[in-house]
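Text of the file entry37.txt, holding compact mmCIF, C-alpha atoms and all ligand atoms:
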# COMPACT_ATOMS: atom_id res chain seq x y z
CA MET A 1 25.82 -38.63 31.81
CA ASP A 2 26.22 -38.56 28.05
CA VAL A 3 24.18 -41.40 26.57
CA SER A 4 24.28 -42.07 22.83
CA ILE A 5 23.14 -44.71 20.38
CA HIS A 6 25.41 -46.35 17.81
CA MET A 7 24.12 -48.01 14.65
CA SER A 8 25.19 -48.41 11.03
CA ALA A 9 24.32 -45.74 8.48
CA ALA A 10 22.39 -48.40 6.53
CA MET A 11 20.25 -49.20 9.55
CA HIS A 12 19.58 -45.51 10.17
CA ALA A 13 18.45 -45.16 6.55
CA ASP A 14 16.15 -48.21 6.96
CA ILE A 15 14.60 -46.66 10.06
CA LEU A 16 13.88 -43.38 8.28
CA LEU A 17 12.25 -45.25 5.37
CA HIS A 18 10.05 -47.16 7.79
CA LEU A 19 9.05 -44.12 9.87
CA PHE A 20 8.08 -41.89 6.97
CA PRO A 21 6.30 -44.00 4.34
CA LYS A 22 4.97 -42.09 1.32
CA GLY A 23 1.30 -41.21 1.55
CA ASP A 24 0.80 -42.39 5.15
CA ARG A 25 0.69 -39.73 7.85
CA ARG A 26 0.05 -42.08 10.76
CA GLU A 27 2.71 -42.58 13.40
CA GLN A 28 5.05 -45.53 12.81
CA GLY A 29 7.42 -47.24 15.18
CA GLY A 30 9.80 -50.02 16.01
CA PHE A 31 12.33 -51.28 18.53
CA LEU A 32 16.12 -51.56 18.70
CA PHE A 33 17.70 -54.50 20.48
CA CYS A 34 21.00 -53.29 21.92
CA SER A 35 23.98 -54.07 24.06
CA TYR A 36 24.49 -51.30 26.59
CA ASP A 37 28.05 -50.42 27.60
CA ASP A 38 28.20 -48.92 31.11
CA GLU A 39 31.63 -47.38 30.62
CA THR A 40 31.02 -45.56 27.37
CA GLN A 41 27.26 -45.11 28.01
CA ILE A 42 26.52 -46.31 24.51
CA PHE A 43 23.58 -48.36 23.28
CA ASN A 44 25.15 -50.49 20.51
CA VAL A 45 22.33 -51.59 18.25
CA ARG A 46 22.30 -55.29 17.35
CA GLU A 47 18.93 -55.50 15.63
CA TRP A 48 16.19 -53.19 14.31
CA LEU A 49 12.65 -54.49 14.46
CA PRO A 50 10.11 -52.37 12.56
CA LEU A 51 6.52 -52.75 13.73
CA THR A 52 3.60 -53.13 11.34
CA SER A 53 -0.09 -52.24 11.56
CA SER A 54 -0.98 -55.60 13.10
CA ASP A 55 1.38 -54.90 16.03
CA TYR A 56 -0.74 -51.96 17.18
CA ALA A 57 -3.95 -51.84 19.17
CA SER A 58 -4.20 -48.24 17.98
CA GLN A 59 -2.32 -46.42 15.19
CA GLU A 60 -3.27 -42.78 14.59
CA ARG A 61 -1.64 -39.60 13.36
CA ASP A 62 -0.72 -38.63 16.90
CA TYR A 63 -0.90 -41.84 18.89
CA LEU A 64 0.42 -45.41 18.92
CA GLU A 65 -0.47 -48.22 21.26
CA LEU A 66 1.04 -51.70 21.09
CA CYS A 67 -1.01 -54.91 21.22
CA ASP A 68 -0.46 -56.96 24.36
CA THR A 69 0.84 -59.88 22.27
CA THR A 70 3.41 -57.63 20.54
CA ARG A 71 4.53 -56.21 23.86
CA ALA A 72 4.93 -59.72 25.29
CA SER A 73 6.93 -60.95 22.29
CA LEU A 74 9.24 -57.90 22.40
CA ILE A 75 10.00 -58.54 26.04
CA LYS A 76 10.61 -62.24 25.37
CA LYS A 77 12.94 -61.50 22.46
CA ALA A 78 14.91 -58.91 24.50
CA HIS A 79 15.10 -61.39 27.35
CA ASP A 80 16.36 -64.20 25.07
CA MET A 81 18.94 -61.88 23.45
CA ASP A 82 20.03 -60.41 26.79
CA ALA A 83 19.36 -57.06 25.15
CA ALA A 84 18.47 -53.55 26.27
CA LEU A 85 15.54 -52.06 24.37
CA VAL A 86 15.18 -48.70 22.64
CA GLU A 87 11.72 -47.75 21.38
CA ILE A 88 11.31 -45.56 18.32
CA HIS A 89 8.32 -43.70 16.94
CA CYS A 90 7.75 -40.67 14.77
CA HIS A 91 5.76 -37.46 14.85
CA PRO A 92 5.08 -36.94 11.16
CA GLY A 93 5.67 -33.33 10.17
CA GLN A 94 6.84 -32.07 13.58
CA GLN A 95 9.69 -29.62 12.98
CA LYS A 96 11.02 -29.23 16.52
CA VAL A 97 10.44 -32.72 17.75
CA ALA A 98 9.77 -33.56 21.40
CA PHE A 99 7.88 -36.23 23.28
CA SER A 100 4.18 -35.44 23.74
CA LEU A 101 2.17 -35.56 26.96
CA ALA A 102 0.69 -38.84 25.69
CA ASP A 103 4.23 -40.21 25.22
CA TRP A 104 5.09 -39.20 28.78
CA MET A 105 1.96 -40.93 30.12
CA GLY A 106 3.05 -44.06 28.25
CA PHE A 107 6.56 -43.91 29.74
CA LYS A 108 5.15 -43.67 33.27
CA ASP A 109 3.40 -47.00 32.80
CA PHE A 110 5.68 -48.82 30.43
CA VAL A 111 9.25 -47.96 31.45
CA PRO A 112 9.15 -49.24 35.07
CA HIS A 113 7.34 -52.37 33.89
CA ILE A 114 9.69 -53.25 31.07
CA ARG A 115 12.80 -52.51 33.13
CA TRP A 116 11.51 -54.76 35.86
CA ARG A 117 10.83 -57.51 33.31
CA LEU A 118 14.33 -57.06 31.83
CA LYS A 119 16.23 -57.19 35.13
CA GLY A 120 16.68 -53.42 35.41
CA ARG A 121 18.54 -53.04 32.11
CA PRO A 122 18.72 -49.53 30.65
CA TYR A 123 15.91 -48.42 28.37
CA ALA A 124 15.68 -45.55 25.92
CA ALA A 125 13.11 -43.89 23.68
CA LEU A 126 13.65 -41.95 20.47
CA VAL A 127 11.17 -39.75 18.65
CA TYR A 128 11.77 -38.71 15.04
CA GLY A 129 10.31 -35.57 13.53
CA TYR A 130 10.96 -33.96 10.19
CA GLN A 131 14.78 -34.16 9.96
CA CYS A 132 15.25 -34.08 13.73
CA ILE A 133 15.40 -36.53 16.62
CA ASP A 134 14.96 -36.39 20.35
CA GLY A 135 15.50 -39.01 23.03
CA PHE A 136 15.29 -39.99 26.68
CA ALA A 137 17.15 -42.78 28.51
CA TRP A 138 16.61 -44.48 31.84
CA ILE A 139 19.95 -45.92 32.95
CA ASP A 140 20.13 -46.29 36.72
CA GLN A 141 17.24 -46.64 39.10
CA GLN A 142 16.37 -42.95 38.80
CA LYS A 143 12.74 -42.12 38.04
CA LEU A 144 13.41 -39.23 35.68
CA PRO A 145 15.04 -39.86 32.30
CA ILE A 146 18.29 -38.35 31.10
CA ASN A 147 18.97 -36.86 27.69
CA VAL A 148 20.14 -38.97 24.74
CA THR A 149 22.75 -36.83 23.01
CA GLY A 150 22.38 -38.40 19.57
CA ILE A 151 22.79 -41.24 17.13
CA ASN A 152 26.25 -42.11 15.87
CA THR A 153 26.29 -43.98 12.55
CA GLY A 154 30.05 -43.96 12.17
CA GLN A 155 29.58 -41.63 9.20
CA ALA A 156 27.58 -38.95 11.00
CA PHE A 157 26.45 -37.89 14.45
CA HIS A 158 22.78 -36.95 14.48
CA SER A 159 22.34 -34.76 17.57
CA THR A 160 19.03 -34.72 19.38
CA THR A 161 17.09 -31.47 19.75
CA GLY A 162 17.06 -31.67 23.56
CA ASN A 163 13.53 -30.23 23.40
CA SER A 164 12.07 -32.96 25.62
CA MET A 165 14.70 -32.43 28.32
CA ASN A 166 13.98 -28.68 28.23
CA ALA A 167 10.26 -29.39 28.50
CA LEU A 168 10.89 -31.76 31.41
CA SER A 169 12.92 -29.17 33.30
CA ARG A 170 10.25 -26.54 32.67
CA GLY A 171 7.68 -28.87 34.26
CA PHE A 172 5.74 -29.38 31.03
CA TYR A 173 5.13 -33.09 31.63
CA GLU A 174 3.89 -32.49 35.17
CA LYS A 175 0.70 -30.96 33.81
CA ILE A 176 -0.76 -34.43 33.87
ZN ZN A 201 4.88 -39.38 20.36
Can you turn what I pasted into structure tokens?
Ligand SMILES: [Zn+2]
Amino acid sequence: MDVSIHMSAAMHADILLHLFPKGDRREQGGFLFCSYDDETQIFNVREWLPLTSSDYASQERDYLELCDTTRASLIKKAHDMDAALVEIHCHPGQQKVAFSLADWMGFKDFVPHIRWRLKGRPYAALVYGYQCIDGFAWIDQQKLPINVTGINTGQAFHSTTGNSMNALSRGFYEKI
């Protein structure tokens, strides 16, 4: 499986601006509302929704947690749009970006729930570090994620680091 995410270069630039605001080292995030194509295994992004401080129950330098109301409205919007969701957050300053143990804990709770609410549609997660990206996708009914190969903007292909998939195969996330 070779899953990738397609969006415009302008949208990718908007996402970077949102994730790395000047003078704020807290984690930032947002969601992509996508159409998923089974044949090409591409998430085609239809809309980018940046989240703001009021969307979080907790927003720290190394941790984000959504408010229940935000979570509910994201699910409703995805449902109404018939969309597959991709979550995005950043690890400010991380050079070789990978999902953290806290991220993995979050996936264990959130991914089965949101996929159930959205009729089993694919789901993906991206994490942005300093000039690098990594990503996981849940496509079929498998429990473990697969690697997202990168983001295609039409002008450039931003490959993921694959660090999280390496960590997963080394058993890193099973420590918890
Ligand atoms: Zn994280």
**OP:** Enumerate residues in contact with ligand ZN 201 (chain A): an atom-to-atom distance of at most 10 Å, counting all atoms listed in the file. Format the result as a VMD selection string.
**Re:** chain A and resid 27 to 29 61 to 64 88 to 92 97 to 104 106 125 to 129
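Closest to A:Leu16 among A:Thr40, A:Gln131, A:Thr69, A:Gln95 is A:Gln131, based on only C-alpha atoms.
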**OP:** Enumerate, as a list of chain:residue names, the protein, DNA and RNA residues whose atoms approach (20.5, -40.0, 18.2) to within 6 Å, taking into account all atoms listed in the file and the coordinate frame of the file.
**Re:** A:Ile5, A:Gly150, A:Ile151, A:His158, A:Ser159, A:Thr160
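Residue nearest A:Tyr130, chosen from A:Gly93, A:Arg117, A:Tyr36, A:Ala10 and counting all atoms listed in the file: A:Gly93.
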Emit as AutoDock Vina command-line options the padded axis-aligned box for all listed atoms of stretch 87-104 of chain A, 3 Å per side, with centre and edge lengths in Å to one decimal.
--center_x 6.2 --center_y -38.5 --center_z 19.5 --size_x 17.0 --size_y 24.5 --size_z 24.6
**OP:** Give me, please, the distance in Å between atom CA of A:Thr161 and atom CA of A:Cys34, quoted to one decimal.
**Re:** 22.3 Å
Subject >> Residue contacts of A:Ile139 (10 Å, all atoms listed in the file) excluding same-chain residues fewer than 5 positions away, as a list in words >> reply: Met1, Val3, Tyr36, Asp38, Gln41, Arg115, Gly120, Arg121, Pro122, Tyr123, Ala124, Leu144, Pro145 and Ile146 of chain A
Could you write those residues out with C-alpha atoms, as a PDB file, in the coordinates of the input?
ATOM      1  CA  MET A   1      25.820 -38.630  31.810  1.00  0.00           C
ATOM      2  CA  VAL A   3      24.180 -41.400  26.570  1.00  0.00           C
ATOM      3  CA  TYR A  36      24.490 -51.300  26.590  1.00  0.00           C
ATOM      4  CA  ASP A  38      28.200 -48.920  31.110  1.00  0.00           C
ATOM      5  CA  GLN A  41      27.260 -45.110  28.010  1.00  0.00           C
ATOM      6  CA  ARG A 115      12.800 -52.510  33.130  1.00  0.00           C
ATOM      7  CA  GLY A 120      16.680 -53.420  35.410  1.00  0.00           C
ATOM      8  CA  ARG A 121      18.540 -53.040  32.110  1.00  0.00           C
ATOM      9  CA  PRO A 122      18.720 -49.530  30.650  1.00  0.00           C
ATOM     10  CA  TYR A 123      15.910 -48.420  28.370  1.00  0.00           C
ATOM     11  CA  ALA A 124      15.680 -45.550  25.920  1.00  0.00           C
ATOM     12  CA  LEU A 144      13.410 -39.230  35.680  1.00  0.00           C
ATOM     13  CA  PRO A 145      15.040 -39.860  32.300  1.00  0.00           C
ATOM     14  CA  ILE A 146      18.290 -38.350  31.100  1.00  0.00           C
TER      15      ILE A 146
END
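Across A:Gly154, A:Ser53, A:Trp116, A:Gln94, the tightest approach to A:Cys132 is made by A:Gln94 when counting all atoms listed in the file.
What separates atom CA of A:Thr153 from atom CA of A:Glu47 is a distance of 14.0 Å.
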Incomplete stretch 15-38 of chain A brought to N, CA and C atoms, written out as a compact mmCIF listing (two decimals), keeping the file's coordinate frame:
# COMPACT_ATOMS: atom_id res chain seq x y z
N ILE A 15 15.53 -47.17 9.05
CA ILE A 15 14.60 -46.66 10.06
C ILE A 15 13.83 -45.47 9.50
N LEU A 16 14.55 -44.56 8.85
CA LEU A 16 13.88 -43.38 8.28
C LEU A 16 12.85 -43.79 7.22
N LEU A 17 13.19 -44.78 6.39
CA LEU A 17 12.25 -45.25 5.37
C LEU A 17 10.99 -45.82 6.02
N HIS A 18 11.19 -46.55 7.11
CA HIS A 18 10.05 -47.16 7.79
C HIS A 18 9.17 -46.11 8.49
N LEU A 19 9.81 -45.09 9.07
CA LEU A 19 9.05 -44.12 9.87
C LEU A 19 8.26 -43.14 9.01
N PHE A 20 8.74 -42.90 7.80
CA PHE A 20 8.08 -41.89 6.97
C PHE A 20 7.69 -42.47 5.61
N PRO A 21 6.73 -43.41 5.61
CA PRO A 21 6.30 -44.00 4.34
C PRO A 21 5.53 -42.96 3.52
N LYS A 22 5.67 -43.05 2.20
CA LYS A 22 4.97 -42.09 1.32
C LYS A 22 3.46 -42.26 1.44
N GLY A 23 2.75 -41.17 1.59
CA GLY A 23 1.30 -41.21 1.55
C GLY A 23 0.63 -41.73 2.82
N ASP A 24 1.39 -41.91 3.89
CA ASP A 24 0.80 -42.39 5.15
C ASP A 24 1.27 -41.44 6.26
N ARG A 25 0.32 -40.73 6.84
CA ARG A 25 0.69 -39.73 7.85
C ARG A 25 0.49 -40.25 9.27
N ARG A 26 0.20 -41.55 9.40
CA ARG A 26 0.05 -42.08 10.76
C ARG A 26 1.43 -42.25 11.39
N GLU A 27 1.45 -42.30 12.72
CA GLU A 27 2.71 -42.58 13.40
C GLU A 27 3.15 -44.02 13.10
N GLN A 28 4.45 -44.21 13.00
CA GLN A 28 5.05 -45.53 12.81
C GLN A 28 6.07 -45.74 13.91
N GLY A 29 6.45 -46.99 14.12
CA GLY A 29 7.42 -47.24 15.18
C GLY A 29 8.17 -48.54 15.03
N GLY A 30 9.03 -48.79 15.99
CA GLY A 30 9.80 -50.02 16.01
C GLY A 30 10.68 -50.06 17.24
N PHE A 31 11.46 -51.11 17.37
CA PHE A 31 12.33 -51.28 18.53
C PHE A 31 13.74 -51.66 18.10
N LEU A 32 14.72 -51.18 18.88
CA LEU A 32 16.12 -51.56 18.70
C LEU A 32 16.51 -52.49 19.84
N PHE A 33 17.17 -53.58 19.48
CA PHE A 33 17.70 -54.50 20.48
C PHE A 33 19.20 -54.22 20.58
N CYS A 34 19.65 -53.85 21.77
CA CYS A 34 21.00 -53.29 21.92
C CYS A 34 21.78 -53.98 23.02
N SER A 35 23.11 -53.82 22.92
CA SER A 35 23.98 -54.07 24.06
C SER A 35 24.28 -52.71 24.65
N TYR A 36 24.18 -52.58 25.97
CA TYR A 36 24.49 -51.30 26.59
C TYR A 36 25.84 -51.40 27.28
N ASP A 37 26.73 -50.45 26.99
CA ASP A 37 28.05 -50.42 27.60
C ASP A 37 28.07 -49.35 28.70
N ASP A 38 28.22 -49.82 29.95
CA ASP A 38 28.20 -48.92 31.11
C ASP A 38 29.31 -47.88 31.07
